[in-house]
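Structure file data02.pdb (PDB, N, CA and C atoms) follows.
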```pdb
ATOM      1  N   MET A   1    -165.363-100.663 -11.617
ATOM      2  CA  MET A   1    -166.606-100.177 -11.061
ATOM      3  C   MET A   1    -167.617 -99.951 -12.178
ATOM      4  N   ALA A   2    -168.848-100.304 -11.938
ATOM      5  CA  ALA A   2    -169.919-100.058 -12.892
ATOM      6  C   ALA A   2    -170.173 -98.554 -12.981
ATOM      7  N   ARG A   3    -170.793 -98.150 -14.060
ATOM      8  CA  ARG A   3    -171.103 -96.743 -14.253
ATOM      9  C   ARG A   3    -172.147 -96.286 -13.240
ATOM     10  N   ALA A   4    -171.848 -95.226 -12.524
ATOM     11  CA  ALA A   4    -172.761 -94.708 -11.497
ATOM     12  C   ALA A   4    -173.929 -93.980 -12.153
ATOM     13  N   ILE A   5    -175.103 -94.176 -11.582
ATOM     14  CA  ILE A   5    -176.326 -93.537 -12.068
ATOM     15  C   ILE A   5    -176.750 -92.499 -11.038
ATOM     16  N   PRO A   6    -177.005 -91.246 -11.469
ATOM     17  CA  PRO A   6    -177.445 -90.243 -10.501
ATOM     18  C   PRO A   6    -178.911 -90.424 -10.128
ATOM     19  N   GLY A   7    -179.251 -89.997  -8.923
ATOM     20  CA  GLY A   7    -180.634 -90.062  -8.476
ATOM     21  C   GLY A   7    -180.789 -89.349  -7.151
ATOM     22  N   THR A   8    -181.883 -89.645  -6.462
ATOM     23  CA  THR A   8    -182.119 -89.099  -5.133
ATOM     24  C   THR A   8    -182.567 -90.235  -4.221
ATOM     25  N   ALA A   9    -182.371 -90.024  -2.925
ATOM     26  CA  ALA A   9    -182.787 -91.038  -1.952
ATOM     27  C   ALA A   9    -183.526 -90.390  -0.792
ATOM     28  N   THR A  10    -184.516 -91.123  -0.310
ATOM     29  CA  THR A  10    -185.253 -90.795   0.904
ATOM     30  C   THR A  10    -185.046 -91.987   1.839
ATOM     31  N   PHE A  11    -185.747 -92.007   2.987
ATOM     32  CA  PHE A  11    -185.662 -93.200   3.838
ATOM     33  C   PHE A  11    -187.008 -93.529   4.445
ATOM     34  N   TYR A  12    -187.124 -94.793   4.867
ATOM     35  CA  TYR A  12    -188.341 -95.280   5.519
ATOM     36  C   TYR A  12    -187.959 -96.163   6.697
ATOM     37  N   GLN A  13    -188.956 -96.521   7.533
ATOM     38  CA  GLN A  13    -188.639 -97.232   8.765
ATOM     39  C   GLN A  13    -189.484 -98.472   9.039
ATOM     40  N   GLN A  14    -190.478 -98.772   8.208
ATOM     41  CA  GLN A  14    -191.276 -99.991   8.401
ATOM     42  C   GLN A  14    -190.933-100.960   7.275
ATOM     43  N   TYR A  15    -190.251-102.059   7.610
ATOM     44  CA  TYR A  15    -189.642-102.907   6.597
ATOM     45  C   TYR A  15    -190.439-104.140   6.197
ATOM     46  N   THR A  16    -191.402-104.542   7.015
ATOM     47  CA  THR A  16    -192.265-105.656   6.635
ATOM     48  C   THR A  16    -193.710-105.252   6.898
ATOM     49  N   PRO A  17    -194.639-105.718   6.084
ATOM     50  CA  PRO A  17    -194.404-106.577   4.923
ATOM     51  C   PRO A  17    -193.785-105.783   3.760
ATOM     52  N   SER A  18    -193.124-106.494   2.855
ATOM     53  CA  SER A  18    -192.538-105.855   1.680
ATOM     54  C   SER A  18    -193.156-106.448   0.416
ATOM     55  N   ALA A  19    -193.099-105.687  -0.664
ATOM     56  CA  ALA A  19    -193.683-106.140  -1.929
ATOM     57  C   ALA A  19    -192.958-107.352  -2.499
ATOM     58  N   CYS A  20    -191.675-107.508  -2.183
ATOM     59  CA  CYS A  20    -190.890-108.624  -2.724
ATOM     60  C   CYS A  20    -190.922-109.873  -1.858
ATOM     61  N   TYR A  21    -190.907-109.700  -0.544
ATOM     62  CA  TYR A  21    -190.710-110.834   0.357
ATOM     63  C   TYR A  21    -191.802-110.999   1.413
ATOM     64  N   GLY A  22    -192.900-110.242   1.286
ATOM     65  CA  GLY A  22    -194.001-110.379   2.232
ATOM     66  C   GLY A  22    -193.564-110.091   3.657
ATOM     67  N   SER A  23    -193.846-111.019   4.574
ATOM     68  CA  SER A  23    -193.520-110.823   5.989
ATOM     69  C   SER A  23    -192.137-111.353   6.381
ATOM     70  N   THR A  24    -191.366-111.826   5.410
ATOM     71  CA  THR A  24    -190.031-112.343   5.700
ATOM     72  C   THR A  24    -189.041-111.197   5.840
ATOM     73  N   PRO A  25    -188.436-111.004   6.996
ATOM     74  CA  PRO A  25    -187.454-109.927   7.164
ATOM     75  C   PRO A  25    -186.215-110.174   6.300
ATOM     76  N   GLU A  26    -185.690-109.120   5.719
ATOM     77  CA  GLU A  26    -184.500-109.215   4.873
ATOM     78  C   GLU A  26    -183.357-108.385   5.433
ATOM     79  N   GLY A  27    -183.367-108.134   6.739
ATOM     80  CA  GLY A  27    -182.322-107.337   7.354
ATOM     81  C   GLY A  27    -182.656-105.861   7.315
ATOM     82  N   VAL A  28    -181.651-105.014   7.554
ATOM     83  CA  VAL A  28    -181.902-103.570   7.587
ATOM     84  C   VAL A  28    -181.146-102.795   6.515
ATOM     85  N   MET A  29    -180.222-103.419   5.805
ATOM     86  CA  MET A  29    -179.544-102.721   4.709
ATOM     87  C   MET A  29    -180.307-103.025   3.427
ATOM     88  N   ILE A  30    -181.467-102.368   3.348
ATOM     89  CA  ILE A  30    -182.445-102.650   2.298
ATOM     90  C   ILE A  30    -182.945-101.344   1.700
ATOM     91  N   ALA A  31    -183.703-101.471   0.602
ATOM     92  CA  ALA A  31    -184.270-100.291  -0.053
ATOM     93  C   ALA A  31    -185.522-100.682  -0.822
ATOM     94  N   ALA A  32    -186.329 -99.662  -1.101
ATOM     95  CA  ALA A  32    -187.499 -99.809  -1.951
ATOM     96  C   ALA A  32    -187.224 -99.071  -3.258
ATOM     97  N   ALA A  33    -187.683 -99.646  -4.352
ATOM     98  CA  ALA A  33    -187.476 -99.069  -5.681
ATOM     99  C   ALA A  33    -188.629 -98.150  -6.056
ATOM    100  N   SER A  34    -188.299 -97.031  -6.676
ATOM    101  CA  SER A  34    -189.312 -96.106  -7.171
ATOM    102  C   SER A  34    -189.991 -96.701  -8.407
ATOM    103  N   ASP A  35    -191.081 -96.083  -8.829
ATOM    104  CA  ASP A  35    -191.835 -96.575  -9.990
ATOM    105  C   ASP A  35    -190.961 -96.798 -11.231
ATOM    106  N   PRO A  36    -190.068 -95.854 -11.605
ATOM    107  CA  PRO A  36    -189.272 -96.078 -12.820
ATOM    108  C   PRO A  36    -188.343 -97.301 -12.746
ATOM    109  N   LEU A  37    -187.951 -97.715 -11.550
ATOM    110  CA  LEU A  37    -187.064 -98.869 -11.388
ATOM    111  C   LEU A  37    -187.819-100.178 -11.172
ATOM    112  N   TRP A  38    -189.060-100.119 -10.734
ATOM    113  CA  TRP A  38    -189.790-101.285 -10.252
ATOM    114  C   TRP A  38    -189.916-102.395 -11.290
ATOM    115  N   ASP A  39    -190.325-102.080 -12.491
ATOM    116  CA  ASP A  39    -190.411-103.049 -13.598
ATOM    117  C   ASP A  39    -191.189-104.308 -13.203
ATOM    118  N   GLY A  40    -192.355-104.107 -12.607
ATOM    119  CA  GLY A  40    -193.207-105.235 -12.243
ATOM    120  C   GLY A  40    -192.605-106.171 -11.205
ATOM    121  N   GLY A  41    -191.607-105.688 -10.468
ATOM    122  CA  GLY A  41    -190.978-106.498  -9.434
ATOM    123  C   GLY A  41    -189.715-107.216  -9.894
ATOM    124  N   ALA A  42    -189.334-107.041 -11.160
ATOM    125  CA  ALA A  42    -188.132-107.709 -11.679
ATOM    126  C   ALA A  42    -186.867-107.285 -10.933
ATOM    127  N   ILE A  43    -186.910-106.137 -10.281
ATOM    128  CA  ILE A  43    -185.741-105.617  -9.558
ATOM    129  C   ILE A  43    -185.593-106.228  -8.157
ATOM    130  N   CYS A  44    -186.592-106.967  -7.685
ATOM    131  CA  CYS A  44    -186.525-107.586  -6.351
ATOM    132  C   CYS A  44    -185.247-108.408  -6.194
ATOM    133  N   GLY A  45    -184.546-108.186  -5.084
ATOM    134  CA  GLY A  45    -183.335-108.923  -4.787
ATOM    135  C   GLY A  45    -182.061-108.327  -5.352
ATOM    136  N   LYS A  46    -182.179-107.365  -6.254
ATOM    137  CA  LYS A  46    -180.990-106.745  -6.837
ATOM    138  C   LYS A  46    -180.261-105.935  -5.770
ATOM    139  N   MET A  47    -178.944-105.985  -5.821
ATOM    140  CA  MET A  47    -178.103-105.240  -4.882
ATOM    141  C   MET A  47    -177.561-103.985  -5.556
ATOM    142  N   PHE A  48    -177.564-102.886  -4.833
ATOM    143  CA  PHE A  48    -176.993-101.635  -5.313
ATOM    144  C   PHE A  48    -176.037-101.073  -4.275
ATOM    145  N   THR A  49    -174.952-100.471  -4.736
ATOM    146  CA  THR A  49    -174.079 -99.685  -3.889
ATOM    147  C   THR A  49    -174.512 -98.237  -4.066
ATOM    148  N   VAL A  50    -174.684 -97.526  -2.961
ATOM    149  CA  VAL A  50    -175.208 -96.166  -2.977
ATOM    150  C   VAL A  50    -174.237 -95.226  -2.277
ATOM    151  N   LYS A  51    -174.046 -94.054  -2.877
ATOM    152  CA  LYS A  51    -173.168 -93.033  -2.294
ATOM    153  C   LYS A  51    -173.901 -91.695  -2.311
ATOM    154  N   CYS A  52    -173.865 -90.983  -1.201
ATOM    155  CA  CYS A  52    -174.436 -89.635  -1.117
ATOM    156  C   CYS A  52    -173.516 -88.674  -1.871
ATOM    157  N   THR A  53    -174.115 -87.811  -2.704
ATOM    158  CA  THR A  53    -173.317 -86.843  -3.465
ATOM    159  C   THR A  53    -173.652 -85.392  -3.153
ATOM    160  N   GLY A  54    -174.728 -85.149  -2.383
ATOM    161  CA  GLY A  54    -175.035 -83.767  -2.047
ATOM    162  C   GLY A  54    -176.427 -83.567  -1.495
ATOM    163  N   ALA A  55    -176.693 -82.319  -1.179
ATOM    164  CA  ALA A  55    -177.968 -81.926  -0.578
ATOM    165  C   ALA A  55    -179.017 -81.635  -1.638
ATOM    166  N   THR A  56    -180.275 -81.836  -1.279
ATOM    167  CA  THR A  56    -181.394 -81.425  -2.136
ATOM    168  C   THR A  56    -182.201 -80.318  -1.475
ATOM    169  N   ASN A  57    -181.811 -79.945  -0.277
ATOM    170  CA  ASN A  57    -182.542 -78.937   0.490
ATOM    171  C   ASN A  57    -181.537 -78.134   1.321
ATOM    172  N   PRO A  58    -181.988 -77.210   2.168
ATOM    173  CA  PRO A  58    -181.061 -76.338   2.895
ATOM    174  C   PRO A  58    -180.160 -76.988   3.946
ATOM    175  N   VAL A  59    -180.322 -78.276   4.242
ATOM    176  CA  VAL A  59    -179.432 -78.901   5.223
ATOM    177  C   VAL A  59    -178.021 -78.912   4.635
ATOM    178  N   PRO A  60    -177.086 -78.209   5.252
ATOM    179  CA  PRO A  60    -175.744 -78.127   4.660
ATOM    180  C   PRO A  60    -174.935 -79.412   4.855
ATOM    181  N   HIS A  61    -174.256 -79.822   3.817
ATOM    182  CA  HIS A  61    -173.307 -80.942   3.856
ATOM    183  C   HIS A  61    -173.862 -82.198   4.525
ATOM    184  N   PRO A  62    -174.925 -82.796   3.965
ATOM    185  CA  PRO A  62    -175.517 -83.972   4.615
ATOM    186  C   PRO A  62    -174.684 -85.241   4.458
ATOM    187  N   CYS A  63    -173.811 -85.287   3.450
ATOM    188  CA  CYS A  63    -173.088 -86.526   3.136
ATOM    189  C   CYS A  63    -171.941 -86.794   4.101
ATOM    190  N   TYR A  64    -171.770 -88.077   4.407
ATOM    191  CA  TYR A  64    -170.582 -88.512   5.129
ATOM    192  C   TYR A  64    -169.559 -88.867   4.059
ATOM    193  N   ASP A  65    -168.547 -88.026   3.910
ATOM    194  CA  ASP A  65    -167.600 -88.092   2.797
ATOM    195  C   ASP A  65    -167.076 -89.494   2.515
ATOM    196  N   GLY A  66    -167.237 -89.890   1.259
ATOM    197  CA  GLY A  66    -166.660 -91.139   0.782
ATOM    198  C   GLY A  66    -167.383 -92.406   1.201
ATOM    199  N   LYS A  67    -168.391 -92.300   2.045
ATOM    200  CA  LYS A  67    -169.096 -93.487   2.544
ATOM    201  C   LYS A  67    -170.031 -94.041   1.469
ATOM    202  N   THR A  68    -170.089 -95.362   1.378
ATOM    203  CA  THR A  68    -171.062 -96.034   0.522
ATOM    204  C   THR A  68    -171.783 -97.081   1.362
ATOM    205  N   VAL A  69    -172.924 -97.518   0.862
ATOM    206  CA  VAL A  69    -173.677 -98.589   1.516
ATOM    207  C   VAL A  69    -174.225 -99.495   0.418
ATOM    208  N   THR A  70    -174.252-100.792   0.684
ATOM    209  CA  THR A  70    -174.834-101.740  -0.256
ATOM    210  C   THR A  70    -176.185-102.176   0.289
ATOM    211  N   VAL A  71    -177.210-102.039  -0.551
ATOM    212  CA  VAL A  71    -178.578-102.368  -0.147
ATOM    213  C   VAL A  71    -179.191-103.378  -1.110
ATOM    214  N   LYS A  72    -180.162-104.102  -0.595
ATOM    215  CA  LYS A  72    -180.920-105.073  -1.380
ATOM    216  C   LYS A  72    -182.319-104.510  -1.606
ATOM    217  N   ILE A  73    -182.800-104.576  -2.840
ATOM    218  CA  ILE A  73    -184.162-104.114  -3.130
ATOM    219  C   ILE A  73    -185.154-105.158  -2.626
ATOM    220  N   VAL A  74    -186.014-104.728  -1.688
ATOM    221  CA  VAL A  74    -186.999-105.635  -1.091
ATOM    222  C   VAL A  74    -188.433-105.133  -1.232
ATOM    223  N   ASP A  75    -188.591-103.909  -1.749
ATOM    224  CA  ASP A  75    -189.932-103.322  -1.735
ATOM    225  C   ASP A  75    -190.113-102.356  -2.893
ATOM    226  N   HIS A  76    -191.360-101.966  -3.090
ATOM    227  CA  HIS A  76    -191.763-100.978  -4.091
ATOM    228  C   HIS A  76    -192.185 -99.721  -3.357
ATOM    229  N   CYS A  77    -191.802 -98.594  -3.875
ATOM    230  CA  CYS A  77    -192.162 -97.318  -3.270
ATOM    231  C   CYS A  77    -192.934 -96.490  -4.296
ATOM    232  N   PRO A  78    -194.199 -96.830  -4.519
ATOM    233  CA  PRO A  78    -194.962 -96.111  -5.539
ATOM    234  C   PRO A  78    -195.144 -94.640  -5.166
ATOM    235  N   GLY A  79    -194.782 -93.778  -6.084
ATOM    236  CA  GLY A  79    -194.956 -92.346  -5.868
ATOM    237  C   GLY A  79    -194.019 -91.728  -4.862
ATOM    238  N   CYS A  80    -192.960 -92.464  -4.428
ATOM    239  CA  CYS A  80    -192.068 -91.870  -3.433
ATOM    240  C   CYS A  80    -191.226 -90.765  -4.061
ATOM    241  N   GLY A  81    -190.672 -89.923  -3.215
ATOM    242  CA  GLY A  81    -189.970 -88.739  -3.678
ATOM    243  C   GLY A  81    -188.547 -88.956  -4.128
ATOM    244  N   GLY A  82    -188.066 -90.182  -4.134
ATOM    245  CA  GLY A  82    -186.688 -90.429  -4.527
ATOM    246  C   GLY A  82    -186.578 -91.586  -5.488
ATOM    247  N   THR A  83    -185.398 -91.773  -6.034
ATOM    248  CA  THR A  83    -185.120 -92.910  -6.902
ATOM    249  C   THR A  83    -185.127 -94.186  -6.070
ATOM    250  N   LEU A  84    -184.440 -94.120  -4.921
ATOM    251  CA  LEU A  84    -184.405 -95.225  -3.968
ATOM    252  C   LEU A  84    -184.890 -94.727  -2.611
ATOM    253  N   ASP A  85    -185.707 -95.531  -1.967
ATOM    254  CA  ASP A  85    -186.155 -95.242  -0.613
ATOM    255  C   ASP A  85    -185.366 -96.200   0.281
ATOM    256  N   LEU A  86    -184.334 -95.682   0.936
ATOM    257  CA  LEU A  86    -183.432 -96.501   1.737
ATOM    258  C   LEU A  86    -184.006 -96.759   3.122
ATOM    259  N   SER A  87    -183.618 -97.878   3.717
ATOM    260  CA  SER A  87    -183.930 -98.067   5.134
ATOM    261  C   SER A  87    -183.241 -96.937   5.898
ATOM    262  N   LYS A  88    -183.783 -96.595   7.065
ATOM    263  CA  LYS A  88    -183.156 -95.523   7.847
ATOM    264  C   LYS A  88    -181.710 -95.880   8.178
ATOM    265  N   GLU A  89    -181.445 -97.144   8.486
ATOM    266  CA  GLU A  89    -180.087 -97.573   8.824
ATOM    267  C   GLU A  89    -179.125 -97.366   7.649
ATOM    268  N   ALA A  90    -179.577 -97.689   6.447
ATOM    269  CA  ALA A  90    -178.732 -97.498   5.262
ATOM    270  C   ALA A  90    -178.508 -96.013   5.000
ATOM    271  N   PHE A  91    -179.574 -95.226   5.085
ATOM    272  CA  PHE A  91    -179.484 -93.781   4.842
ATOM    273  C   PHE A  91    -178.499 -93.142   5.813
ATOM    274  N   GLU A  92    -178.656 -93.449   7.118
ATOM    275  CA  GLU A  92    -177.814 -92.786   8.110
ATOM    276  C   GLU A  92    -176.377 -93.292   8.109
ATOM    277  N   SER A  93    -176.089 -94.327   7.337
ATOM    278  CA  SER A  93    -174.692 -94.754   7.212
ATOM    279  C   SER A  93    -173.945 -93.933   6.158
ATOM    280  N   ILE A  94    -174.687 -93.212   5.291
ATOM    281  CA  ILE A  94    -174.041 -92.380   4.263
ATOM    282  C   ILE A  94    -174.356 -90.896   4.384
ATOM    283  N   ALA A  95    -175.386 -90.548   5.188
ATOM    284  CA  ALA A  95    -175.797 -89.140   5.283
ATOM    285  C   ALA A  95    -176.549 -88.876   6.581
ATOM    286  N   ASP A  96    -176.614 -87.607   6.919
ATOM    287  CA  ASP A  96    -177.357 -87.156   8.093
ATOM    288  C   ASP A  96    -178.855 -87.297   7.814
ATOM    289  N   PRO A  97    -179.588 -88.115   8.588
ATOM    290  CA  PRO A  97    -181.011 -88.305   8.320
ATOM    291  C   PRO A  97    -181.854 -87.038   8.456
ATOM    292  N   VAL A  98    -181.329 -86.016   9.120
ATOM    293  CA  VAL A  98    -182.050 -84.741   9.211
ATOM    294  C   VAL A  98    -182.313 -84.179   7.813
ATOM    295  N   ALA A  99    -181.452 -84.502   6.861
ATOM    296  CA  ALA A  99    -181.611 -84.007   5.490
ATOM    297  C   ALA A  99    -182.906 -84.529   4.843
ATOM    298  N   GLY A 100    -183.297 -85.750   5.163
ATOM    299  CA  GLY A 100    -184.532 -86.304   4.617
ATOM    300  C   GLY A 100    -184.424 -86.807   3.198
ATOM    301  N   VAL A 101    -183.874 -85.990   2.301
ATOM    302  CA  VAL A 101    -183.687 -86.344   0.887
ATOM    303  C   VAL A 101    -182.277 -85.925   0.501
ATOM    304  N   ILE A 102    -181.585 -86.804  -0.201
ATOM    305  CA  ILE A 102    -180.223 -86.502  -0.640
ATOM    306  C   ILE A 102    -180.044 -86.860  -2.122
ATOM    307  N   LYS A 103    -179.050 -86.242  -2.718
ATOM    308  CA  LYS A 103    -178.619 -86.650  -4.063
ATOM    309  C   LYS A 103    -177.700 -87.852  -3.898
ATOM    310  N   ILE A 104    -177.833 -88.811  -4.806
ATOM    311  CA  ILE A 104    -177.019 -90.023  -4.728
ATOM    312  C   ILE A 104    -176.461 -90.400  -6.098
ATOM    313  N   GLU A 105    -175.501 -91.295  -6.056
ATOM    314  CA  GLU A 105    -175.101 -92.099  -7.203
ATOM    315  C   GLU A 105    -175.251 -93.529  -6.752
ATOM    316  N   TYR A 106    -175.728 -94.399  -7.676
ATOM    317  CA  TYR A 106    -175.855 -95.818  -7.332
ATOM    318  C   TYR A 106    -175.407 -96.665  -8.509
ATOM    319  N   TRP A 107    -174.907 -97.824  -8.185
ATOM    320  CA  TRP A 107    -174.447 -98.749  -9.211
ATOM    321  C   TRP A 107    -174.564-100.183  -8.721
TER     322      TRP A 107
END
```

For the file at hand, write its structure as structure tokens.
Amino acid sequence: MARAIPGTATFYQQYTPSACYGSTPEGVMIAAASDPLWDGGAICGKMFTVKCTGATNPVPHPCYDGKTVTVKIVDHCPGCGGTLDLSKEAFESIADPVAGVIKIEYW
């Protein structure tokens, strides 16, 4: 396994158009990269495995224990509140969406 990188994740629900693929749909297991990861779009198409590691707010125990999701970077999330902005489908496969923001590890 590659070394896991800590971060945070949020979610979004409008997937096209995207900064990487325009109006071409890329499925629903997707994510947008925050400014520090964007690198002028060089990250487009990269796949990451993401795991919820804990809460960032008062929602208790948002993580679904041991669950991971693999997402493809399809968009840029300038100024977003997390390291990765996951599709709602990807987020809710690893955590309770009521949490809104979660701590993650990704690799």

**Study point:** Counting all atoms listed in the file, the option among A:Cys63, A:Ala2, A:Ile30, A:Ile73 closest to Met47 of chain A
**Key:**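 Nearest to Met47 of chain A: A:Ile73.
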
Point to revise | Counting only C-alpha atoms, the option among A:Cys77, A:Ala32, A:Val69, A:Leu37 closest to Lys51 of chain A | key: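 Smallest distance to Lys51 of chain A is found for A:Val69.
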
Check your understanding: Given the file above and the PyMOL selection byres (((chain A and resi 4 and name CA) around 6) and name CA), which residues are selected, and can you give them as number ranges by chain?
Key -> A: 3, 5, 105-107

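Backbone DSSP over chain A gives alpha helix (DSSP H) for A:Asp35, A:Pro36, A:Leu37, A:Trp38, A:Lys88, A:Glu89, A:Ala90, A:Phe91, A:Glu92, A:Ser93, A:Ile94.
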
Write to file, as a compact mmCIF listing (two decimals), in the coordinates of the input, the residues of the selection just made, with N, CA and C atoms.
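To be explicit, this is the file written out as part_12.txt:
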```
# COMPACT_ATOMS: atom_id res chain seq x y z
N ASP A 35 -191.08 -96.08 -8.83
CA ASP A 35 -191.84 -96.58 -9.99
C ASP A 35 -190.96 -96.80 -11.23
N PRO A 36 -190.07 -95.85 -11.60
CA PRO A 36 -189.27 -96.08 -12.82
C PRO A 36 -188.34 -97.30 -12.75
N LEU A 37 -187.95 -97.72 -11.55
CA LEU A 37 -187.06 -98.87 -11.39
C LEU A 37 -187.82 -100.18 -11.17
N TRP A 38 -189.06 -100.12 -10.73
CA TRP A 38 -189.79 -101.28 -10.25
C TRP A 38 -189.92 -102.40 -11.29
N LYS A 88 -183.78 -96.60 7.06
CA LYS A 88 -183.16 -95.52 7.85
C LYS A 88 -181.71 -95.88 8.18
N GLU A 89 -181.44 -97.14 8.49
CA GLU A 89 -180.09 -97.57 8.82
C GLU A 89 -179.12 -97.37 7.65
N ALA A 90 -179.58 -97.69 6.45
CA ALA A 90 -178.73 -97.50 5.26
C ALA A 90 -178.51 -96.01 5.00
N PHE A 91 -179.57 -95.23 5.08
CA PHE A 91 -179.48 -93.78 4.84
C PHE A 91 -178.50 -93.14 5.81
N GLU A 92 -178.66 -93.45 7.12
CA GLU A 92 -177.81 -92.79 8.11
C GLU A 92 -176.38 -93.29 8.11
N SER A 93 -176.09 -94.33 7.34
CA SER A 93 -174.69 -94.75 7.21
C SER A 93 -173.94 -93.93 6.16
N ILE A 94 -174.69 -93.21 5.29
CA ILE A 94 -174.04 -92.38 4.26
C ILE A 94 -174.36 -90.90 4.38
```

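Picture a line from atom C of Ser87 of chain A to atom CA of Gly40 of chain A; it runs 22.3 Å.
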
Exercise for review: Show which residues sit within 12 Å of segment 92-96 of chain A, as a VMD selection string. Count only C-alpha atoms, and ignore same-chain residues fewer than 6 positions away.
Suggested key: chain A and resid 9 to 13 28 to 29 49 to 55 59 to 71 86 102 to 105

**Study point:** Answer key for the PyMOL selection byres ((chain A and resi 20) around 8), residues as a count of residues only
**Key:** 15

Check your understanding: Do you have the atom N of Glu26 of chain A-atom N of Thr56 of chain A distance handy?
Key -> 28.7 Å

**Study point:** Counting only C-alpha atoms, the option among A:Pro97, A:Asp35, A:Lys46, A:Pro58 closest to Lys72 of chain A
**Key:**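 So, comparing all the options, the nearest one is A:Lys46.
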
Review point. Atom C of Thr16 of chain A to atom N of Asn57 of chain A: how many Å, to one decimal?
Key: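 Rounded to one decimal, the two atoms are 28.9 Å apart.
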
Exercise for review: Mind the document's chain letters and residue numbers, and return as a VMD selection string the residues of chain A that DSSP labels strand (DSSP E).
Suggested key: chain A and resid 5 to 12 30 to 34 47 to 55 68 to 77 84 to 87 102 to 106
